[in-house]
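K.L.:
This structure is in structure tokens; I'll ask about it shortly.
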Amino acid sequence: MRRSLPIWVAVALALPLLASIAACEEDVLGVTGADQPFTMFGVLSPQLDTQWVRVFPIEGVLRPEVAPRLEAVMQSTDLRTGQVRLWNDSLFQEANGSFAHVFWSDFQALFDTPYSIDVSGDQGSTHVDVSVPPETELVLPEVADQPPTLFRVDVVGEVPRLIRIEITYRVRYLGFGGIVDTEFVRSYENRAERAVNGWTIGVRAGLDIRDIARELADGGFRRSDAPLKISRLTVRLIVANQAWDPPGGAFHPEVLVQPGLMSNVANGFGFVGAGYRHEGIWIPRDTVIVGDS
Amino acid sequence: MIDPRILRFVLLALGVGMLVGTAIAQDSARTTATVFGFVTDSDSGQPLEAANVALLRDGAAQGGVTDREGRFRVDGLEPGLWLFRVSYIGYRTRLDTLRLAAEDRISFNVALDPDGGLVGELTVESKRTTGAARVTAGQQTVRPADVELVPTPGLSADLVNLLSSLPGVVSLGDRGGQLFLRGGEPSQNLVLLDGVMLYQPFHILGFFSAFPADILGRTDIYAGGYGSRFGERISSVIDVNTRNGHMRRGAGSVTLSPFVSGLRVEGPLIRDRLSFLGSVRRSVVREAASRLVAQSLPFTFGDAFGKFHVVLGPSTRLSIMGIQTFDRGTLNPLESDREVREVAWQNSAAGLRLLVIPRALPLTADLRVSWSRLHTEEGPAEAPDRSSEIENLDVAVDGTFFGKGTSVDWGLSLRTIRIKSTIGGLYQNIEAQDANLEHAATYVEAKYRFGPGILLQPGLRVQFFDVRFAPFLEPRLRAVWQFRDQQLSAAAGIYHQAVLGLSDRRDAASVFTAWTNVPMESDRSDDVRGGRAQLARHLILGYRVTQTSWLEWSVEAYYKRLENLFIAEWTAFPRFTTRLQPASGKTRGFDARVETRTSRFYGSVTYGYSNSTYAAQQASLVLWYGTEKLRFNPPHDRRHQINALGVFRVKGLETSLRWQFGSGLPFSQAVGFDGFALVSDIGNIADVPGSRRVIYEAPFNARLPAYHRLDVSVERRIETKSGAVHLQLSVINVYDRRNLLFLDVFTIERADQLPFIPSFGIKLEI
């Protein structure tokens, strides 16, 4: 006996047809939109005659090849004196073809001075407070025949932070093709210690030079018994304000690109730091160190 | 030069095989006889699977059923006179008497005659081996008739349409050729064609694959929990077997439609000894279908398949097959002002398979030699800047040892793999890679039957990859308990994979897969892949009820745990060139299926619930989100799926309707776009190279709209003197639902799936 089609089967098949009648378009929201209008990046420094801050409008569409319209006004205020400066906009095109709005103002930032920077447009304003650290003095060890095993570097003055600390060793050695002059850079990031009157960096020059000698020998650039001469030792660092503090002390773009990370901008994204460079050169009277000894 | 460790491994595996054979053979061989052979259709010469072979004497019976090659072997027969009976639904039963002496090894091939008067009725009433609800611990068998039920534009029924109708199978849209099975990535699916591994066999337009129904025999789909015979992939197995060409007469077909046009030829080259089956298809979508919708459909694809089948002797068969596929197209909207990037891939493969029933040993054996290669590239049409190629040569032997009440499968495989990629720093900053790998595997799997309804299938697979010295051990277990019309089934296992297919899943338009290997762990390298072969653990529990002869339903729950996945690191840079990060994942869910079939109606409704979660480990995550692991639902996490299929046969017209529904897939919503410049020095910030930046809400925080579509086809077959003509009218996306293919959050450009497309097809068969 042939049985009729069960009702539920008919219902199950009718459902799609009903759904088809009820079908409606659904829009998808790919970009929710930001309340913040701008992103700022830059540095204020007493060592620059002109101050520069790059401004990105926060947009709803990504078009790197199109110059973004930026109807915005930037001004800075010296919070000590109340002096207000209006900044100028400029448009650059980068090597990769993208455009950049960089605001500039023709002044030298002052040591130990707080500034406020505002960028305003139709969408609102973004603000950042930036304090330029006080002036300091870089003190290196007395000149000697050779660098001391522990090469002490002092930064005298009360400043919040030291970043990008690098020691460059210029060495001379007898390679297989003759005398070679070359440089080796060693990072001392996060190695500065607070001292009574500032900061101290204990550069382990003896260990560094031994490592350099071994590196050259292992790489086949120098005979292990050939002499290695340190001809110059350069200390470079940046005296930075409190906010200029990348996580882990490393300036890794893949990490810092995350919005909100190392950011001091209010109602926006980005970072504006303040600081200045120190560079000190230490030249021995006449030093010969034999590597691997 | 083969690694000496692999040689030792091979010797060990052979030793295990001999041990198993000896144990199974026991000591009765010298006093008993054996009957073996092939059972085929007398008309076409096709092997008949699951035919009953029985030897009867004094009320006692010995025997079994034929395997998928139509092979049978009955050992341990006492000397004397036996009644030999071979029966199969829809065929006339064959009876013979055999007088057997001790140590006889009798080859007896049987060609059964179709019983024309019974076939129609019996097919409906017979015990089914396939069907939408007929799933056993993740395994489902598909035959060409099942594939032909699903509406396909242009009379070109294709396995991929059935696959995409299964619960737990997710495609990212109707193009791209990417299928995710129960949470597994496309590169984690093992796709075999007559035992030959294919890497990317699904065409760029989702209705088509390298598997047209015209050439198919039996296909087994394991959504997980597969047995020890399969390895080297951690998610699923699609084991496609083609049929043989007709052994008695020539046949063929020509198909014309606005989507694909195809030609199939087959027939005997030497009657009853050597047959040929060939199929060629080529897309005409770009030229024809695009006119039907007044929209550019920039896809070109095609495939060519050929197979020779030779009867070498009474107990030996040889098959040689080759396949070539090609795909080219772009998934970006052509209206976009962005650079048009094309993706293209070609599969080439060939295989030789020797089926043997040895006289002297109590086993059947398959010897396989296969080679396959995938070349894929992406970039501007004239000068693609990324390419990846993977090639493998495999030599394998599989054997089944027969004992009393049990059988043991054993196998050994040696595979050499060559990977050659130029991926422009896309992953792990790898610019170019050229690697040669050697993989070896052996397995033993027993089938124990307890009483009439319990089948226990424990197995162990031992795989040797270049990742480490020690082999990977993979215990597996499948169990089935059949009681009356109900069935409980379960499967569990451990799986490893040492060849990776890397894709950037954040960009749905990028289906480019870079193939790479897992290198050995090294102190000198910071490669996150080092020593980490992908690992999966599967657990499946299913219940099935055959309510009546026309109604069957089943439910099945599953859990997959995945480790050592490698995904692109999260970044706010608007680019897809980045480093890899390790991740783990888990997928759990269940399927519910119901199927009914009568002579005039076929219907099935399936529902799938799935929940996939990845946990990524990236060093920066603590800084960004305050957590060491970032948990998110990957872009293929489709929570709900419904597939309904109805086929009505009225007055010579066959009308098929398929409705699919899928809940929205995860994507990462942006808040907006700004820029980034690294402030790391004193100076003019204009001198610092800047980059645009995406301000994301959170990784994969939102979901795209749901997807649903109704496809309909109406087909009529008209018999002619020399064959038949098939006419088809079909409509894709009947109610013109605007289904999203992908959304470019950077430009807010969306690409939609195919709109309402009416189509037609004609197929001439001789």
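Quick note on naming: the chains in the structure tokens go A, B, ... in the order shown, residues restart at 1 in each chain, and ligands are numbered from 1 in order of appearance.
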Could you work out which residues of chain B fall inside 8 Å of chain A? Count only C-alpha atoms, and format the result as an MDAnalysis selection string.
P.N.:
chainID B and resid 571:573 603 605 620 623:624 644:646 659 668:686 689:693 695 704:705 710 735 737:738 743:748
K.L.:
Those residues you just picked out, can you put them in a file as a short mmCIF file (atom, residue, chain, number, x, y, z; two decimals), in the first residue's frame with N, CA and C atoms?
P.N.:
data_model
loop_
_atom_site.label_atom_id
_atom_site.label_comp_id
_atom_site.auth_asym_id
_atom_site.auth_seq_id
_atom_site.Cartn_x
_atom_site.Cartn_y
_atom_site.Cartn_z
N THR B 571 47.83 41.71 13.21
CA THR B 571 48.52 43.00 13.07
C THR B 571 47.53 44.08 12.67
N ALA B 572 47.85 45.29 13.06
CA ALA B 572 47.01 46.44 12.67
C ALA B 572 47.48 47.03 11.35
N PHE B 573 48.59 46.54 10.81
CA PHE B 573 48.99 46.99 9.48
C PHE B 573 47.99 46.43 8.45
N GLY B 603 13.56 13.07 -0.31
CA GLY B 603 13.72 14.30 0.48
C GLY B 603 14.70 14.09 1.61
N VAL B 605 16.52 16.46 4.97
CA VAL B 605 16.76 17.71 5.69
C VAL B 605 17.88 17.43 6.69
N SER B 620 53.02 39.40 21.56
CA SER B 620 52.50 40.75 21.79
C SER B 620 51.13 40.76 22.45
N LEU B 623 50.68 42.44 25.80
CA LEU B 623 50.73 43.89 25.74
C LEU B 623 49.44 44.47 25.17
N TRP B 624 48.88 43.78 24.21
CA TRP B 624 47.72 44.34 23.51
C TRP B 624 46.41 44.08 24.25
N ALA B 644 18.18 21.45 2.80
CA ALA B 644 16.97 20.69 2.48
C ALA B 644 17.01 20.37 0.99
N LEU B 645 16.74 19.12 0.70
CA LEU B 645 16.78 18.66 -0.69
C LEU B 645 15.50 17.89 -0.99
N GLY B 646 14.84 18.24 -2.04
CA GLY B 646 13.63 17.51 -2.45
C GLY B 646 13.70 17.20 -3.92
N TRP B 659 17.63 23.84 -0.86
CA TRP B 659 17.70 25.10 -0.11
C TRP B 659 18.80 24.96 0.93
N SER B 668 36.48 40.46 11.15
CA SER B 668 37.00 41.49 12.06
C SER B 668 36.48 42.85 11.63
N GLN B 669 35.73 43.44 12.50
CA GLN B 669 35.16 44.74 12.22
C GLN B 669 36.20 45.82 12.52
N ALA B 670 36.23 46.84 11.70
CA ALA B 670 37.16 47.94 11.95
C ALA B 670 36.41 49.11 12.57
N VAL B 671 37.13 49.85 13.40
CA VAL B 671 36.57 51.09 13.93
C VAL B 671 36.82 52.21 12.92
N GLY B 672 37.98 52.18 12.35
CA GLY B 672 38.35 53.20 11.37
C GLY B 672 39.78 52.98 10.92
N PHE B 673 40.29 53.92 10.18
CA PHE B 673 41.65 53.80 9.62
C PHE B 673 42.41 55.08 9.89
N ASP B 674 43.62 54.92 10.40
CA ASP B 674 44.47 56.08 10.58
C ASP B 674 45.85 55.72 10.03
N GLY B 675 46.87 56.09 10.69
CA GLY B 675 48.21 55.77 10.21
C GLY B 675 49.13 55.55 11.38
N PHE B 676 50.30 55.12 11.07
CA PHE B 676 51.28 54.83 12.12
C PHE B 676 52.66 55.26 11.65
N ALA B 677 53.38 55.91 12.53
CA ALA B 677 54.79 56.24 12.28
C ALA B 677 55.54 55.93 13.57
N LEU B 678 56.62 55.25 13.44
CA LEU B 678 57.35 54.81 14.63
C LEU B 678 58.15 56.00 15.19
N VAL B 679 57.80 56.37 16.41
CA VAL B 679 58.51 57.47 17.07
C VAL B 679 59.61 56.85 17.91
N SER B 680 60.81 56.81 17.36
CA SER B 680 61.89 56.15 18.07
C SER B 680 63.16 56.99 18.10
N ASP B 681 63.07 58.22 17.60
CA ASP B 681 64.28 59.03 17.56
C ASP B 681 63.90 60.50 17.56
N ILE B 682 64.92 61.32 17.81
CA ILE B 682 64.72 62.76 17.73
C ILE B 682 64.87 63.18 16.28
N GLY B 683 63.91 63.91 15.75
CA GLY B 683 64.06 64.35 14.38
C GLY B 683 62.72 64.73 13.79
N ASN B 684 62.76 64.97 12.51
CA ASN B 684 61.56 65.35 11.78
C ASN B 684 60.74 64.09 11.51
N ILE B 685 59.53 64.06 12.02
CA ILE B 685 58.69 62.88 11.86
C ILE B 685 58.33 62.66 10.38
N ALA B 686 58.46 63.69 9.57
CA ALA B 686 58.21 63.53 8.13
C ALA B 686 59.25 62.62 7.48
N PRO B 689 59.26 56.81 7.67
CA PRO B 689 58.26 56.23 6.76
C PRO B 689 56.99 55.87 7.54
N GLY B 690 55.89 56.30 7.03
CA GLY B 690 54.63 56.01 7.71
C GLY B 690 53.89 54.90 7.01
N SER B 691 52.88 54.39 7.68
CA SER B 691 52.07 53.33 7.09
C SER B 691 50.64 53.56 7.52
N ARG B 692 49.71 53.17 6.68
CA ARG B 692 48.32 53.24 7.10
C ARG B 692 48.06 52.14 8.11
N ARG B 693 47.03 52.32 8.89
CA ARG B 693 46.77 51.39 9.99
C ARG B 693 45.26 51.16 10.11
N ILE B 695 42.26 50.33 12.72
CA ILE B 695 41.88 50.27 14.14
C ILE B 695 40.75 49.25 14.23
N LEU B 704 29.29 38.08 9.60
CA LEU B 704 28.68 38.49 8.35
C LEU B 704 27.21 38.05 8.34
N PRO B 705 26.41 38.58 7.45
CA PRO B 705 25.01 38.16 7.40
C PRO B 705 24.87 36.68 7.07
N LEU B 710 18.11 29.17 -2.74
CA LEU B 710 17.32 28.06 -3.28
C LEU B 710 17.73 27.84 -4.73
N TYR B 735 15.37 33.15 -5.49
CA TYR B 735 14.80 34.41 -5.02
C TYR B 735 15.85 35.52 -4.93
N ARG B 737 18.69 36.13 -3.66
CA ARG B 737 19.23 36.56 -2.37
C ARG B 737 20.63 37.15 -2.60
N ARG B 738 20.89 38.28 -2.00
CA ARG B 738 22.20 38.92 -2.15
C ARG B 738 23.12 38.37 -1.06
N LEU B 743 33.70 40.63 2.34
CA LEU B 743 33.64 42.06 2.54
C LEU B 743 35.06 42.55 2.76
N ASP B 744 35.47 43.51 1.96
CA ASP B 744 36.77 44.12 2.17
C ASP B 744 36.56 45.28 3.15
N VAL B 745 36.92 45.05 4.39
CA VAL B 745 36.65 46.08 5.39
C VAL B 745 37.52 47.32 5.16
N PHE B 746 38.57 47.18 4.39
CA PHE B 746 39.43 48.34 4.14
C PHE B 746 38.75 49.35 3.21
N THR B 747 38.07 48.82 2.21
CA THR B 747 37.49 49.71 1.22
C THR B 747 35.96 49.69 1.26
N ILE B 748 35.40 48.88 2.17
CA ILE B 748 33.95 48.69 2.26
C ILE B 748 33.38 48.17 0.93
#
K.L.:
Based on DSSP run over this structure's backbone, return all residues of range 514-669 of chain B in strand (DSSP E or B), as a ChimeraX atom specification.
P.N.:
/B:514-517,534-548,551-568,578,580-597,601-617,629-632,640-650,653-662,666-667
K.L.:
Using only C-alpha atoms, which residues sit within 7 Å of Arg186 in chain A once same-chain residues fewer than 5 positions away are excluded, as an MDAnalysis selection string?
P.N.:
chainID A and resid 166:168
K.L.:
Can you write out the residues you just picked, keeping N, CA and C atoms, as an mmCIF file, in the first residue's frame?
P.N.:
data_model
loop_
_atom_site.group_PDB
_atom_site.id
_atom_site.type_symbol
_atom_site.label_atom_id
_atom_site.label_comp_id
_atom_site.auth_asym_id
_atom_site.auth_seq_id
_atom_site.Cartn_x
_atom_site.Cartn_y
_atom_site.Cartn_z
ATOM 1 N N GLU A 166 72.967 53.192 23.324
ATOM 2 C CA GLU A 166 73.825 52.376 22.454
ATOM 3 C C GLU A 166 75.284 52.740 22.677
ATOM 4 N N ILE A 167 76.109 51.729 22.696
ATOM 5 C CA ILE A 167 77.557 51.938 22.774
ATOM 6 C C ILE A 167 78.148 51.444 21.455
ATOM 7 N N THR A 168 78.889 52.291 20.791
ATOM 8 C CA THR A 168 79.519 51.902 19.526
ATOM 9 C C THR A 168 81.020 51.778 19.742
#
K.L.:
Just asking: which residues within range 203-373 of chain B are alpha helix (DSSP H) according to DSSP, as a PyMOL selection string?
P.N.:
chain B and resi 290-293
K.L.:
So that I can check the surroundings of Arg484 in chain B, please list as an NGL selection string every protein, DNA and RNA residue that reaches within 12 Å of it, counting only C-alpha atoms and ignoring chain neighbours fewer than 3 positions away.
P.N.:
:B and (452-454 or 481 or 487-488 or 544-548)
K.L.:
For CA of Gly220 in chain A and CA of Leu207 in chain A, determine how far apart the two atoms are, in Å to one decimal place.
P.N.:
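Atom-to-atom, CA of Gly220 in chain A and CA of Leu207 in chain A are spaced 20.0 Å apart.
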K.L.:
Extract, using only C-alpha atoms, all DNA, RNA and protein residues at most 7 Å from Ala243 in chain A, discarding same-chain residues fewer than 2 positions from it, and format them as number ranges by chain.
P.N.:
A: 241, 245, 264, 273
K.L.:
Filtering to N, CA and C atoms, could you give me those residues as an mmCIF file, in the first residue's frame?
P.N.:
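Result file is result35.cif:
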data_model
loop_
_atom_site.group_PDB
_atom_site.id
_atom_site.type_symbol
_atom_site.label_atom_id
_atom_site.label_comp_id
_atom_site.auth_asym_id
_atom_site.auth_seq_id
_atom_site.Cartn_x
_atom_site.Cartn_y
_atom_site.Cartn_z
ATOM 1 N N ASN A 241 61.005 61.918 27.922
ATOM 2 C CA ASN A 241 60.026 62.206 28.979
ATOM 3 C C ASN A 241 59.379 60.898 29.452
ATOM 4 N N ASP A 245 57.929 55.475 26.554
ATOM 5 C CA ASP A 245 58.291 54.252 27.272
ATOM 6 C C ASP A 245 57.692 53.041 26.554
ATOM 7 N N ASN A 264 49.798 58.547 24.244
ATOM 8 C CA ASN A 264 49.528 59.579 25.263
ATOM 9 C C ASN A 264 48.557 60.620 24.727
ATOM 10 N N GLY A 273 56.191 62.394 21.729
ATOM 11 C CA GLY A 273 57.177 62.347 22.800
ATOM 12 C C GLY A 273 57.965 63.642 22.868
#
K.L.:
Could you work out how far CA of Ala536 in chain B lies from CA of Phe472 in chain B, giving the answer in Å with one decimal?
P.N.:
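Spanning CA of Phe472 in chain B to CA of Ala536 in chain B is a straight-line distance of 12.2 Å.
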K.L.:
What's around Ile732 in chain B at 6 Å? Count only C-alpha atoms, leave out sequence neighbours fewer than 5 positions away in its own chain, and write the answer as a PDB file with N, CA and C atoms, in the first residue's frame.
P.N.:
ATOM      1  N   ASP B 711      18.051  26.613  -5.038  1.00  0.00           N
ATOM      2  CA  ASP B 711      18.376  26.237  -6.418  1.00  0.00           C
ATOM      3  C   ASP B 711      17.344  25.218  -6.895  1.00  0.00           C
ATOM      4  N   PHE B 756      20.556  35.553  -9.127  1.00  0.00           N
ATOM      5  CA  PHE B 756      19.582  34.735  -9.850  1.00  0.00           C
ATOM      6  C   PHE B 756      20.137  34.439 -11.250  1.00  0.00           C
ATOM      7  N   ILE B 757      20.346  33.175 -11.541  1.00  0.00           N
ATOM      8  CA  ILE B 757      20.848  32.818 -12.875  1.00  0.00           C
ATOM      9  C   ILE B 757      19.992  31.682 -13.445  1.00  0.00           C
TER      10      ILE B 757
END
K.L.:
How far is it from CA of Ile165 in chain A to CA of Thr182 in chain A, in Å with one decimal?
P.N.:
19.7 Å
K.L.:
Between B:Phe301, B:Phe211, B:Phe601, B:Phe590, which has the minimum distance to Val160 in chain B (counting only C-alpha atoms)?
P.N.:
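Among B:Phe301, B:Phe211, B:Phe601, B:Phe590, it is B:Phe211 that comes nearest to Val160 in chain B.
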K.L.:
Near Leu367 in chain B, counting only C-alpha atoms, which residues have an atom at most 6 Å away, once you skip same-chain residues fewer than 4 positions from it, shown as a list in words?
P.N.:
Arg353, Leu354, Ala396 and Val397 of chain B
